[in-house]
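Notes follow the structure.
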Amino acid sequence: MKIGNILKTAFLSAVVFTSASAAFAQSCTPKISDDKLIKPGHLVMATSPTLPPMAYADQQGTLKGLRIEIGYEVAKRLCLTGEYISTEYATMVPGLKGGRWDMINAGLFVTPERRKILYMIPYENLAISISTAVSGGEPIKTVDDLAGKTVSTDIGGYAERKIKELNADFKQRGLKEMTINLFDNYATVYQALRAGQVQAAVSIDPVAKQYQDRGEFTHALSGMYPTPGSLSFGSKDVADAVSGALKEMKADGTLEKMMSAYGVSQAPGDLSVLDQEG
């Protein structure tokens with residue numbers, strides 16, 4: 001599908017969410033001039049609300065989650081009204097380049113290819129977790145305890161890629177490989193564990209923490225294979241301003257408080273904008 005058609009389809013179906021802190025933004029001087037923004041006085045952010053507890057919509061359609069909260073807090077500190085557009089991952093970079101939003105707030109991985117076209121601020125660590133049933137079954141205390149187990153994870157995600165790499169490592173070391181069952185989302189990944197179809201569920205740290213906090217599953221292993229997720233921009237001016245707000249949040253403890261509540265660690269670095277490569 002051509003980029004133009006992808007964008008047209010996404011933008012017709014996009015849902016816009018505006019921060020309740022709009023009144024606050026109007027009471028101070030914006031730190032980004034209107035000519036640098038898609039919409040004067042607003043920080044327009046693209047997100048994909050499909051990954052609770054990082055970003056999701058509740059039953060009333062209100063956006064919630066760590067990434068959502070961080071975006072609104074950044075907008076507030078920039079004296080702007082935070083506004084979200086819900087869209088698919090495939091449209092995010094084309095939409096940014098097409099002037100549809102100021103920032104991608106979806107934890108994009110930092111890659112050499114993306115650094116050629118985007119300004120990126122690594123801020124969160126995405127790491128893999130292993131969840132097991134609260135009782136029964138063989139305990140999983142180390143990565144090698146997964147050898148020979150049947151596990152579930154989401155198709156096409158970071159967890160699938162890493163667990164398949166682990167399987168290759170098991171094979172190379174002469175350990176029994178895992179049987180990997182793939183599902184469309186983490187809800188069905190954990191439903192398979194609940195139903196006893198698998199012995200472990202493979203997800204990312206905040207998802208596993210959420211299920212353990214509910215008392216549904218045991219968070220057996222965490223912090224595996226961390227990789228940085230970023231806020232991404234097309235404008236260096238906007239990126240620099242957001243970097244400044246994030247550094248303020250880190251200095252006064254706000255960022256740590258928000259992230260630790262979701263079981264997410266900060267990415268290495270000082271929240272500066274990465275220079276574009278190439």
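Residue numbering restarts at 1 for every chain of the structure tokens, chains are lettered A, B, ... in their displayed order, and ligands are numbered from 1 as they appear.
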Residues flagged helix (DSSP H, G or I) by DSSP in stretch 36-191 of chain A, as a VMD selection string = chain A and resid 36 66 to 77 89 to 97 112 to 115 143 to 146 158 to 172 186 to 191
Could the residues in this selection be saved with N, CA and C atoms as a short mmCIF file (atom, residue, chain, number, x, y, z; two decimals), in the first residue's frame?
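Everything below was put into result_36.cif:
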data_model
loop_
_atom_site.label_atom_id
_atom_site.label_comp_id
_atom_site.auth_asym_id
_atom_site.auth_seq_id
_atom_site.Cartn_x
_atom_site.Cartn_y
_atom_site.Cartn_z
N LYS A 36 6.74 26.12 15.17
CA LYS A 36 7.43 24.83 15.23
C LYS A 36 6.47 23.68 15.51
N LEU A 66 1.40 4.43 31.21
CA LEU A 66 2.63 5.16 31.50
C LEU A 66 2.99 6.14 30.40
N ARG A 67 3.00 5.68 29.16
CA ARG A 67 3.39 6.57 28.06
C ARG A 67 2.45 7.75 27.94
N ILE A 68 1.17 7.51 28.15
CA ILE A 68 0.18 8.58 28.07
C ILE A 68 0.46 9.63 29.14
N GLU A 69 0.69 9.16 30.36
CA GLU A 69 0.93 10.07 31.48
C GLU A 69 2.20 10.89 31.26
N ILE A 70 3.24 10.24 30.78
CA ILE A 70 4.50 10.96 30.54
C ILE A 70 4.30 12.05 29.48
N GLY A 71 3.59 11.73 28.42
CA GLY A 71 3.34 12.71 27.36
C GLY A 71 2.57 13.92 27.86
N TYR A 72 1.56 13.70 28.66
CA TYR A 72 0.79 14.82 29.21
C TYR A 72 1.64 15.67 30.16
N GLU A 73 2.48 15.00 30.95
CA GLU A 73 3.34 15.74 31.88
C GLU A 73 4.36 16.58 31.12
N VAL A 74 4.92 16.03 30.05
CA VAL A 74 5.85 16.79 29.22
C VAL A 74 5.16 18.01 28.64
N ALA A 75 3.97 17.81 28.08
CA ALA A 75 3.22 18.93 27.49
C ALA A 75 2.95 20.02 28.53
N LYS A 76 2.58 19.60 29.73
CA LYS A 76 2.30 20.54 30.81
C LYS A 76 3.53 21.39 31.12
N ARG A 77 4.68 20.74 31.19
CA ARG A 77 5.91 21.47 31.52
C ARG A 77 6.36 22.38 30.39
N TYR A 89 1.03 1.56 14.22
CA TYR A 89 2.48 1.74 14.15
C TYR A 89 2.95 2.02 12.73
N ALA A 90 2.33 1.39 11.76
CA ALA A 90 2.79 1.54 10.37
C ALA A 90 2.68 2.97 9.86
N THR A 91 1.80 3.77 10.45
CA THR A 91 1.57 5.14 9.97
C THR A 91 2.36 6.18 10.75
N MET A 92 3.03 5.77 11.82
CA MET A 92 3.59 6.77 12.74
C MET A 92 4.72 7.60 12.12
N VAL A 93 5.69 6.95 11.53
CA VAL A 93 6.80 7.70 10.93
C VAL A 93 6.33 8.47 9.69
N PRO A 94 5.57 7.85 8.77
CA PRO A 94 5.05 8.64 7.65
C PRO A 94 4.21 9.83 8.10
N GLY A 95 3.41 9.65 9.16
CA GLY A 95 2.59 10.74 9.67
C GLY A 95 3.42 11.86 10.25
N LEU A 96 4.50 11.50 10.93
CA LEU A 96 5.41 12.50 11.48
C LEU A 96 6.03 13.30 10.35
N LYS A 97 6.51 12.60 9.34
CA LYS A 97 7.13 13.27 8.20
C LYS A 97 6.11 14.07 7.38
N PRO A 112 19.68 2.04 13.78
CA PRO A 112 20.44 2.90 12.87
C PRO A 112 19.57 3.47 11.75
N GLU A 113 18.62 2.67 11.27
CA GLU A 113 17.76 3.13 10.18
C GLU A 113 16.89 4.30 10.64
N ARG A 114 16.32 4.19 11.83
CA ARG A 114 15.48 5.26 12.34
C ARG A 114 16.28 6.51 12.67
N ARG A 115 17.50 6.32 13.12
CA ARG A 115 18.32 7.49 13.47
C ARG A 115 18.72 8.31 12.25
N VAL A 143 16.86 -18.63 33.31
CA VAL A 143 16.47 -18.71 31.90
C VAL A 143 16.52 -20.15 31.40
N ASP A 144 17.53 -20.90 31.82
CA ASP A 144 17.67 -22.28 31.34
C ASP A 144 16.53 -23.17 31.81
N ASP A 145 15.79 -22.77 32.83
CA ASP A 145 14.64 -23.56 33.28
C ASP A 145 13.52 -23.57 32.25
N LEU A 146 13.62 -22.68 31.25
CA LEU A 146 12.62 -22.65 30.18
C LEU A 146 12.84 -23.74 29.15
N TYR A 158 8.55 -7.71 20.33
CA TYR A 158 9.93 -7.85 20.81
C TYR A 158 10.10 -9.16 21.57
N ALA A 159 9.07 -9.55 22.34
CA ALA A 159 9.18 -10.78 23.13
C ALA A 159 9.32 -12.00 22.23
N GLU A 160 8.58 -12.03 21.12
CA GLU A 160 8.71 -13.17 20.19
C GLU A 160 10.13 -13.27 19.65
N ARG A 161 10.66 -12.13 19.23
CA ARG A 161 12.00 -12.15 18.65
C ARG A 161 13.04 -12.66 19.65
N LYS A 162 12.96 -12.19 20.89
CA LYS A 162 13.97 -12.58 21.88
C LYS A 162 13.81 -14.03 22.32
N ILE A 163 12.56 -14.50 22.43
CA ILE A 163 12.38 -15.87 22.88
C ILE A 163 12.82 -16.85 21.79
N LYS A 164 12.68 -16.45 20.53
CA LYS A 164 13.17 -17.30 19.43
C LYS A 164 14.70 -17.30 19.41
N GLU A 165 15.31 -16.18 19.72
CA GLU A 165 16.76 -16.14 19.83
C GLU A 165 17.24 -17.04 20.97
N LEU A 166 16.48 -17.04 22.07
CA LEU A 166 16.83 -17.91 23.20
C LEU A 166 16.71 -19.38 22.80
N ASN A 167 15.70 -19.70 22.01
CA ASN A 167 15.55 -21.08 21.53
C ASN A 167 16.75 -21.52 20.70
N ALA A 168 17.23 -20.61 19.85
CA ALA A 168 18.41 -20.91 19.04
C ALA A 168 19.62 -21.15 19.93
N ASP A 169 19.72 -20.39 21.02
CA ASP A 169 20.81 -20.57 21.97
C ASP A 169 20.70 -21.91 22.67
N PHE A 170 19.47 -22.29 23.05
CA PHE A 170 19.26 -23.60 23.67
C PHE A 170 19.74 -24.72 22.74
N LYS A 171 19.36 -24.61 21.47
CA LYS A 171 19.74 -25.63 20.49
C LYS A 171 21.25 -25.73 20.35
N GLN A 172 21.91 -24.57 20.30
CA GLN A 172 23.36 -24.54 20.14
C GLN A 172 24.06 -25.17 21.35
N TYR A 186 -1.42 -9.75 24.30
CA TYR A 186 -1.02 -10.30 25.60
C TYR A 186 -2.20 -10.86 26.39
N ALA A 187 -3.40 -10.39 26.13
CA ALA A 187 -4.57 -10.94 26.83
C ALA A 187 -4.71 -12.43 26.51
N THR A 188 -4.56 -12.79 25.24
CA THR A 188 -4.66 -14.21 24.88
C THR A 188 -3.41 -14.99 25.25
N VAL A 189 -2.26 -14.29 25.29
CA VAL A 189 -1.02 -14.93 25.77
C VAL A 189 -1.23 -15.44 27.19
N TYR A 190 -1.82 -14.60 28.03
CA TYR A 190 -2.04 -14.97 29.43
C TYR A 190 -3.24 -15.88 29.61
N GLN A 191 -4.20 -15.81 28.69
CA GLN A 191 -5.33 -16.73 28.75
C GLN A 191 -4.85 -18.15 28.54
#
Please provide the set of residues having any atom within 7 Å of A:Asp102, restricted to only C-alpha atoms, with same-chain residues fewer than 3 positions apart removed, written as an MDAnalysis selection string.
-> chainID A and resid 37:38 43:45 96 233
Write out as a VMD selection string each polymer residue whose atoms come within 12 Å of A:Gly244, counting only C-alpha atoms; drop sequence neighbours fewer than 3 positions from it.
-> chain A and resid 31 to 32 74 to 75 77 to 78 121 237 to 241 247 to 251 270 to 273
Atoms to include: all heavy atoms. Write the selected residues as a compact mmCIF listing (two decimals), in the first residue's frame.
# COMPACT_ATOMS: atom_id res chain seq x y z
N LYS A 31 6.90 26.93 25.67
CA LYS A 31 8.35 26.84 25.47
C LYS A 31 8.72 26.41 24.05
O LYS A 31 9.91 26.25 23.74
CB LYS A 31 8.95 25.89 26.51
CG LYS A 31 8.77 26.40 27.94
CD LYS A 31 9.41 25.47 28.95
CE LYS A 31 9.20 26.01 30.37
NZ LYS A 31 9.80 25.12 31.40
N ILE A 32 7.71 26.19 23.22
CA ILE A 32 7.93 25.93 21.80
C ILE A 32 7.05 26.90 21.03
O ILE A 32 5.85 27.00 21.28
CB ILE A 32 7.57 24.49 21.40
CG1 ILE A 32 8.33 23.48 22.25
CG2 ILE A 32 7.87 24.24 19.92
CD1 ILE A 32 7.94 22.03 21.98
N VAL A 74 4.92 16.03 30.05
CA VAL A 74 5.85 16.79 29.22
C VAL A 74 5.16 18.01 28.64
O VAL A 74 5.69 19.13 28.68
CB VAL A 74 6.43 15.90 28.10
CG1 VAL A 74 7.10 16.76 27.02
CG2 VAL A 74 7.43 14.91 28.66
N ALA A 75 3.97 17.81 28.08
CA ALA A 75 3.22 18.93 27.49
C ALA A 75 2.95 20.02 28.53
O ALA A 75 3.10 21.21 28.26
CB ALA A 75 1.91 18.42 26.89
N ARG A 77 4.68 20.74 31.19
CA ARG A 77 5.91 21.47 31.52
C ARG A 77 6.36 22.38 30.39
O ARG A 77 7.14 23.31 30.63
CB ARG A 77 7.01 20.49 31.91
CG ARG A 77 6.72 19.80 33.26
CD ARG A 77 7.78 18.80 33.63
NE ARG A 77 7.43 18.13 34.88
CZ ARG A 77 8.15 18.17 36.01
NH1 ARG A 77 9.29 18.86 36.04
NH2 ARG A 77 7.75 17.53 37.08
N LEU A 78 5.89 22.11 29.20
CA LEU A 78 6.20 22.99 28.07
C LEU A 78 5.14 24.07 27.88
O LEU A 78 5.20 24.83 26.93
CB LEU A 78 6.33 22.15 26.79
CG LEU A 78 7.47 21.14 26.75
CD1 LEU A 78 7.41 20.32 25.46
CD2 LEU A 78 8.82 21.84 26.86
N ILE A 121 14.81 10.26 21.58
CA ILE A 121 15.22 10.39 22.97
C ILE A 121 14.94 9.06 23.67
O ILE A 121 13.80 8.75 24.01
CB ILE A 121 14.45 11.51 23.71
CG1 ILE A 121 14.57 12.84 22.98
CG2 ILE A 121 14.95 11.64 25.15
CD1 ILE A 121 13.69 13.94 23.59
N ASP A 237 14.01 21.16 17.08
CA ASP A 237 13.59 22.15 18.07
C ASP A 237 12.60 21.54 19.05
O ASP A 237 12.69 21.75 20.28
CB ASP A 237 12.95 23.35 17.37
CG ASP A 237 13.96 24.17 16.58
OD1 ASP A 237 15.07 24.39 17.09
OD2 ASP A 237 13.64 24.58 15.45
N VAL A 238 11.62 20.79 18.54
CA VAL A 238 10.64 20.15 19.42
C VAL A 238 11.33 19.09 20.28
O VAL A 238 11.07 18.99 21.49
CB VAL A 238 9.50 19.53 18.60
CG1 VAL A 238 8.53 18.77 19.51
CG2 VAL A 238 8.75 20.61 17.83
N ALA A 239 12.21 18.31 19.67
CA ALA A 239 12.92 17.27 20.42
C ALA A 239 13.74 17.86 21.56
O ALA A 239 13.75 17.34 22.68
CB ALA A 239 13.83 16.48 19.47
N ASP A 240 14.44 18.96 21.30
CA ASP A 240 15.26 19.59 22.34
C ASP A 240 14.40 20.10 23.50
O ASP A 240 14.77 19.97 24.67
CB ASP A 240 16.06 20.75 21.75
CG ASP A 240 17.26 20.29 20.93
OD1 ASP A 240 17.70 19.14 21.13
OD2 ASP A 240 17.74 21.08 20.10
N ALA A 241 13.23 20.67 23.17
CA ALA A 241 12.34 21.17 24.22
C ALA A 241 11.81 20.02 25.07
O ALA A 241 11.76 20.13 26.31
CB ALA A 241 11.19 21.96 23.59
N LYS A 247 14.35 16.04 31.39
CA LYS A 247 15.45 16.21 32.34
C LYS A 247 14.96 16.87 33.63
O LYS A 247 15.42 16.52 34.73
CB LYS A 247 16.57 17.03 31.70
CG LYS A 247 17.33 16.27 30.61
CD LYS A 247 18.39 17.13 29.94
CE LYS A 247 19.15 16.35 28.88
NZ LYS A 247 20.19 17.16 28.20
N GLU A 248 14.03 17.80 33.51
CA GLU A 248 13.42 18.40 34.70
C GLU A 248 12.68 17.34 35.51
O GLU A 248 12.76 17.29 36.74
CB GLU A 248 12.45 19.50 34.30
CG GLU A 248 13.08 20.78 33.77
CD GLU A 248 12.05 21.80 33.38
OE1 GLU A 248 10.84 21.55 33.61
OE2 GLU A 248 12.42 22.87 32.84
N MET A 249 11.94 16.49 34.81
CA MET A 249 11.18 15.43 35.47
C MET A 249 12.10 14.45 36.18
O MET A 249 11.79 13.96 37.27
CB MET A 249 10.30 14.71 34.45
CG MET A 249 9.16 15.56 33.89
SD MET A 249 8.38 14.83 32.42
CE MET A 249 7.73 13.30 33.08
N LYS A 250 13.24 14.17 35.56
CA LYS A 250 14.20 13.27 36.20
C LYS A 250 14.82 13.94 37.43
O LYS A 250 14.97 13.30 38.48
CB LYS A 250 15.30 12.89 35.21
CG LYS A 250 16.33 11.92 35.79
CD LYS A 250 17.35 11.49 34.75
CE LYS A 250 18.35 10.50 35.33
NZ LYS A 250 19.34 10.04 34.33
N ALA A 251 15.15 15.21 37.31
CA ALA A 251 15.81 15.92 38.40
C ALA A 251 14.92 16.04 39.64
O ALA A 251 15.41 15.94 40.77
CB ALA A 251 16.23 17.31 37.93
N ASP A 270 21.30 10.32 29.40
CA ASP A 270 20.87 11.50 30.16
C ASP A 270 19.65 12.17 29.57
O ASP A 270 19.38 13.34 29.86
CB ASP A 270 22.03 12.50 30.26
CG ASP A 270 22.42 13.05 28.89
OD1 ASP A 270 21.90 12.60 27.86
OD2 ASP A 270 23.27 13.98 28.86
N LEU A 271 18.87 11.44 28.75
CA LEU A 271 17.63 11.96 28.14
C LEU A 271 17.90 13.06 27.11
O LEU A 271 17.03 13.87 26.82
CB LEU A 271 16.67 12.47 29.22
CG LEU A 271 16.24 11.42 30.25
CD1 LEU A 271 15.45 12.07 31.39
CD2 LEU A 271 15.39 10.34 29.59
N SER A 272 19.10 13.06 26.56
CA SER A 272 19.42 14.00 25.48
C SER A 272 18.93 13.45 24.15
O SER A 272 18.69 12.24 24.00
CB SER A 272 20.93 14.26 25.41
OG SER A 272 21.37 14.95 26.56
N VAL A 273 18.80 14.33 23.18
CA VAL A 273 18.39 13.95 21.83
C VAL A 273 19.57 13.31 21.11
O VAL A 273 20.68 13.87 21.09
CB VAL A 273 17.90 15.18 21.04
CG1 VAL A 273 17.44 14.75 19.63
CG2 VAL A 273 16.77 15.88 21.79
re atom CA of A:Ala46 and atom CA of A:Asp58: distance 17.6 Å
Give the strand (DSSP E or B) residues of stretch 131-236 of chain A, as DSSP finds them on the backbone, and put them as a PyMOL selection string.
-> chain A and resi 131-133+150-154+179-183+200-204+217-233
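Proximity of A:Ser260, A:Gln199, A:Thr87, A:Ser265 to A:Ser135, computed with only C-alpha atoms, is greatest for A:Gln199.
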Within 12 Å of A:Val151, counting only C-alpha atoms, which residues qualify if same-chain residues fewer than 3 places away don't, as a PyMOL selection string?
-> chain A and resi 129-133+140+145-148+154+159-160+163-164+167+177-183+189-194+196-203
Store the residues of this selection in a file with N, CA, C and O atoms, as a tab-separated table (two decimals), in the first residue's frame.
chain	number	residue	atom	x	y	z
A	129	SER	N	9.88	-10.47	30.42
A	129	SER	CA	9.53	-11.15	31.66
A	129	SER	C	8.94	-12.53	31.37
A	129	SER	O	8.39	-12.77	30.29
A	130	ILE	N	9.04	-13.40	32.36
A	130	ILE	CA	8.42	-14.72	32.31
A	130	ILE	C	7.42	-14.82	33.45
A	130	ILE	O	7.76	-14.59	34.61
A	131	SER	N	6.18	-15.16	33.11
A	131	SER	CA	5.13	-15.36	34.11
A	131	SER	C	4.75	-16.83	34.17
A	131	SER	O	4.73	-17.52	33.14
A	132	THR	N	4.43	-17.29	35.37
A	132	THR	CA	4.00	-18.67	35.56
A	132	THR	C	2.74	-18.68	36.42
A	132	THR	O	2.33	-17.66	36.98
A	133	ALA	N	2.13	-19.86	36.53
A	133	ALA	CA	0.96	-20.01	37.39
A	133	ALA	C	1.36	-19.75	38.83
A	133	ALA	O	2.51	-19.97	39.23
A	140	ILE	N	10.32	-21.76	37.66
A	140	ILE	CA	11.28	-21.21	36.70
A	140	ILE	C	12.07	-20.13	37.43
A	140	ILE	O	11.54	-19.06	37.72
A	145	ASP	N	15.79	-22.77	32.83
A	145	ASP	CA	14.64	-23.56	33.28
A	145	ASP	C	13.52	-23.57	32.25
A	145	ASP	O	12.58	-24.36	32.35
A	146	LEU	N	13.62	-22.68	31.25
A	146	LEU	CA	12.62	-22.65	30.18
A	146	LEU	C	12.84	-23.74	29.15
A	146	LEU	O	11.95	-24.03	28.34
A	147	ALA	N	14.00	-24.36	29.16
A	147	ALA	CA	14.32	-25.41	28.18
A	147	ALA	C	13.28	-26.52	28.25
A	147	ALA	O	12.96	-27.04	29.32
A	148	GLY	N	12.72	-26.87	27.08
A	148	GLY	CA	11.73	-27.94	27.01
A	148	GLY	C	10.32	-27.54	27.39
A	148	GLY	O	9.39	-28.34	27.27
A	154	ASP	N	3.31	-12.88	22.31
A	154	ASP	CA	2.56	-12.18	21.26
A	154	ASP	C	3.30	-12.24	19.93
A	154	ASP	O	4.53	-12.14	19.89
A	159	ALA	N	9.07	-9.55	22.34
A	159	ALA	CA	9.18	-10.78	23.13
A	159	ALA	C	9.32	-12.00	22.23
A	159	ALA	O	10.11	-12.91	22.53
A	160	GLU	N	8.58	-12.03	21.12
A	160	GLU	CA	8.71	-13.17	20.19
A	160	GLU	C	10.13	-13.27	19.65
A	160	GLU	O	10.72	-14.35	19.60
A	163	ILE	N	12.56	-14.50	22.43
A	163	ILE	CA	12.38	-15.87	22.88
A	163	ILE	C	12.82	-16.85	21.79
A	163	ILE	O	13.31	-17.95	22.07
A	164	LYS	N	12.68	-16.45	20.53
A	164	LYS	CA	13.17	-17.30	19.43
A	164	LYS	C	14.70	-17.30	19.41
A	164	LYS	O	15.32	-18.34	19.11
A	167	ASN	N	15.70	-19.70	22.01
A	167	ASN	CA	15.55	-21.08	21.53
A	167	ASN	C	16.75	-21.52	20.70
A	167	ASN	O	17.23	-22.65	20.80
A	177	GLU	N	14.68	-27.52	23.11
A	177	GLU	CA	14.06	-26.27	22.71
A	177	GLU	C	12.66	-26.12	23.30
A	177	GLU	O	11.99	-27.11	23.62
A	178	MET	N	12.23	-24.87	23.42
A	178	MET	CA	10.86	-24.57	23.84
A	178	MET	C	9.89	-24.78	22.70
A	178	MET	O	10.25	-24.66	21.53
A	179	THR	N	8.64	-25.06	23.04
A	179	THR	CA	7.54	-25.00	22.08
A	179	THR	C	6.89	-23.63	22.26
A	179	THR	O	6.43	-23.31	23.36
A	180	ILE	N	6.91	-22.81	21.21
A	180	ILE	CA	6.44	-21.43	21.32
A	180	ILE	C	5.08	-21.29	20.63
A	180	ILE	O	4.96	-21.52	19.43
A	181	ASN	N	4.07	-20.93	21.40
A	181	ASN	CA	2.74	-20.67	20.87
A	181	ASN	C	2.53	-19.17	20.75
A	181	ASN	O	2.73	-18.44	21.74
A	182	LEU	N	2.15	-18.70	19.57
A	182	LEU	CA	2.01	-17.27	19.32
A	182	LEU	C	0.54	-16.85	19.30
A	182	LEU	O	-0.31	-17.56	18.73
A	183	PHE	N	0.27	-15.68	19.91
A	183	PHE	CA	-1.09	-15.16	19.97
A	183	PHE	C	-1.09	-13.69	19.54
A	183	PHE	O	-0.05	-13.04	19.50
A	189	VAL	N	-2.26	-14.29	25.29
A	189	VAL	CA	-1.02	-14.93	25.77
A	189	VAL	C	-1.23	-15.44	27.19
A	189	VAL	O	-0.87	-16.58	27.53
A	190	TYR	N	-1.82	-14.60	28.03
A	190	TYR	CA	-2.04	-14.97	29.43
A	190	TYR	C	-3.24	-15.88	29.61
A	190	TYR	O	-3.30	-16.67	30.56
A	191	GLN	N	-4.20	-15.81	28.69
A	191	GLN	CA	-5.33	-16.73	28.75
A	191	GLN	C	-4.85	-18.15	28.54
A	191	GLN	O	-5.35	-19.09	29.16
A	192	ALA	N	-3.87	-18.33	27.65
A	192	ALA	CA	-3.31	-19.66	27.41
A	192	ALA	C	-2.64	-20.21	28.67
A	192	ALA	O	-2.75	-21.40	28.98
A	193	LEU	N	-1.98	-19.33	29.43
A	193	LEU	CA	-1.36	-19.75	30.69
A	193	LEU	C	-2.44	-20.07	31.72
A	193	LEU	O	-2.35	-21.06	32.44
A	194	ARG	N	-3.47	-19.26	31.76
A	194	ARG	CA	-4.57	-19.47	32.71
A	194	ARG	C	-5.26	-20.81	32.44
A	194	ARG	O	-5.68	-21.50	33.38
A	196	GLY	N	-3.90	-23.43	31.22
A	196	GLY	CA	-2.99	-24.55	31.33
A	196	GLY	C	-2.48	-25.08	30.01
A	196	GLY	O	-1.90	-26.17	29.95
A	197	GLN	N	-2.66	-24.29	28.94
A	197	GLN	CA	-2.18	-24.71	27.63
A	197	GLN	C	-0.67	-24.55	27.50
A	197	GLN	O	-0.04	-25.20	26.65
A	198	VAL	N	-0.09	-23.68	28.31
A	198	VAL	CA	1.35	-23.45	28.30
A	198	VAL	C	1.85	-23.43	29.75
A	198	VAL	O	1.07	-23.30	30.69
A	199	GLN	N	3.16	-23.54	29.90
A	199	GLN	CA	3.76	-23.54	31.24
A	199	GLN	C	4.29	-22.17	31.66
A	199	GLN	O	4.59	-21.95	32.83
A	200	ALA	N	4.41	-21.26	30.68
A	200	ALA	CA	4.91	-19.92	30.98
A	200	ALA	C	4.44	-18.96	29.90
A	200	ALA	O	4.26	-19.35	28.74
A	201	ALA	N	4.23	-17.71	30.30
A	201	ALA	CA	3.89	-16.64	29.37
A	201	ALA	C	5.06	-15.68	29.27
A	201	ALA	O	5.65	-15.31	30.30
A	202	VAL	N	5.40	-15.29	28.06
A	202	VAL	CA	6.53	-14.40	27.81
A	202	VAL	C	5.95	-13.05	27.39
A	202	VAL	O	5.23	-12.94	26.40
A	203	SER	N	6.28	-11.99	28.15
A	203	SER	CA	5.77	-10.65	27.85
A	203	SER	C	6.85	-9.64	28.15
A	203	SER	O	8.01	-9.98	28.25
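A straight line drawn from atom CA of A:Ile104 to atom CA of A:Glu256 is 20.9 Å long.
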Surrounding residues of A:Val264 excluding itself and chain neighbours under 3 positions, 7 Å, only C-alpha atoms, as a list of chain:residue names = A:Glu124, A:Asn125, A:Asp205, A:Pro206, A:Met259, A:Ser260
Output file for the selection above: all heavy atoms, as a compact mmCIF listing (two decimals), in the first residue's frame:
# COMPACT_ATOMS: atom_id res chain seq x y z
N GLU A 124 12.95 4.83 28.09
CA GLU A 124 12.43 3.67 28.82
C GLU A 124 13.17 2.42 28.37
O GLU A 124 13.62 2.31 27.23
CB GLU A 124 10.93 3.48 28.56
CG GLU A 124 10.60 3.16 27.12
CD GLU A 124 9.11 2.93 26.88
OE1 GLU A 124 8.28 3.44 27.63
OE2 GLU A 124 8.78 2.23 25.89
N ASN A 125 13.31 1.48 29.30
CA ASN A 125 13.88 0.19 28.96
C ASN A 125 12.75 -0.81 28.77
O ASN A 125 11.92 -0.98 29.67
CB ASN A 125 14.80 -0.32 30.08
CG ASN A 125 16.27 -0.15 29.73
OD1 ASN A 125 16.63 0.03 28.57
ND2 ASN A 125 17.13 -0.22 30.74
N ASP A 205 8.13 -6.47 30.86
CA ASP A 205 8.08 -6.28 32.31
C ASP A 205 6.80 -5.65 32.84
O ASP A 205 6.19 -6.18 33.77
CB ASP A 205 9.29 -5.46 32.77
CG ASP A 205 10.57 -6.28 32.85
OD1 ASP A 205 10.51 -7.51 32.63
OD2 ASP A 205 11.64 -5.70 33.12
N PRO A 206 6.35 -4.50 32.30
CA PRO A 206 5.15 -3.88 32.89
C PRO A 206 3.90 -4.72 32.74
O PRO A 206 3.01 -4.66 33.60
CB PRO A 206 5.04 -2.55 32.14
CG PRO A 206 5.81 -2.73 30.89
CD PRO A 206 6.92 -3.66 31.23
N MET A 259 7.61 5.94 36.38
CA MET A 259 8.05 4.71 35.76
C MET A 259 8.08 3.54 36.72
O MET A 259 7.70 2.42 36.37
CB MET A 259 9.41 4.93 35.10
CG MET A 259 9.39 5.96 33.98
SD MET A 259 10.96 6.18 33.11
CE MET A 259 10.98 4.73 32.07
N SER A 260 8.51 3.77 37.95
CA SER A 260 8.59 2.68 38.91
C SER A 260 7.21 2.15 39.26
O SER A 260 7.06 0.96 39.59
CB SER A 260 9.32 3.14 40.18
OG SER A 260 8.62 4.20 40.82
Option closest in space to A:Leu51, from A:Asp252, A:Asp184, A:Asp213, A:Asp275 [counting only C-alpha atoms] |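 Ranked by minimum distance to A:Leu51, first place goes to A:Asp184.
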Would you mind reading off the distance between atom CA of A:Thr142 and atom CA of A:Gly107, one decimal, in Å?
-> 27.4 Å
Polymer residues at most 10 Å from A:Pro49, only C-alpha atoms, same-chain spacing of 5 or more positions, as a ChimeraX atom specification = /A:54-58,62-65,67-68,85-88,106
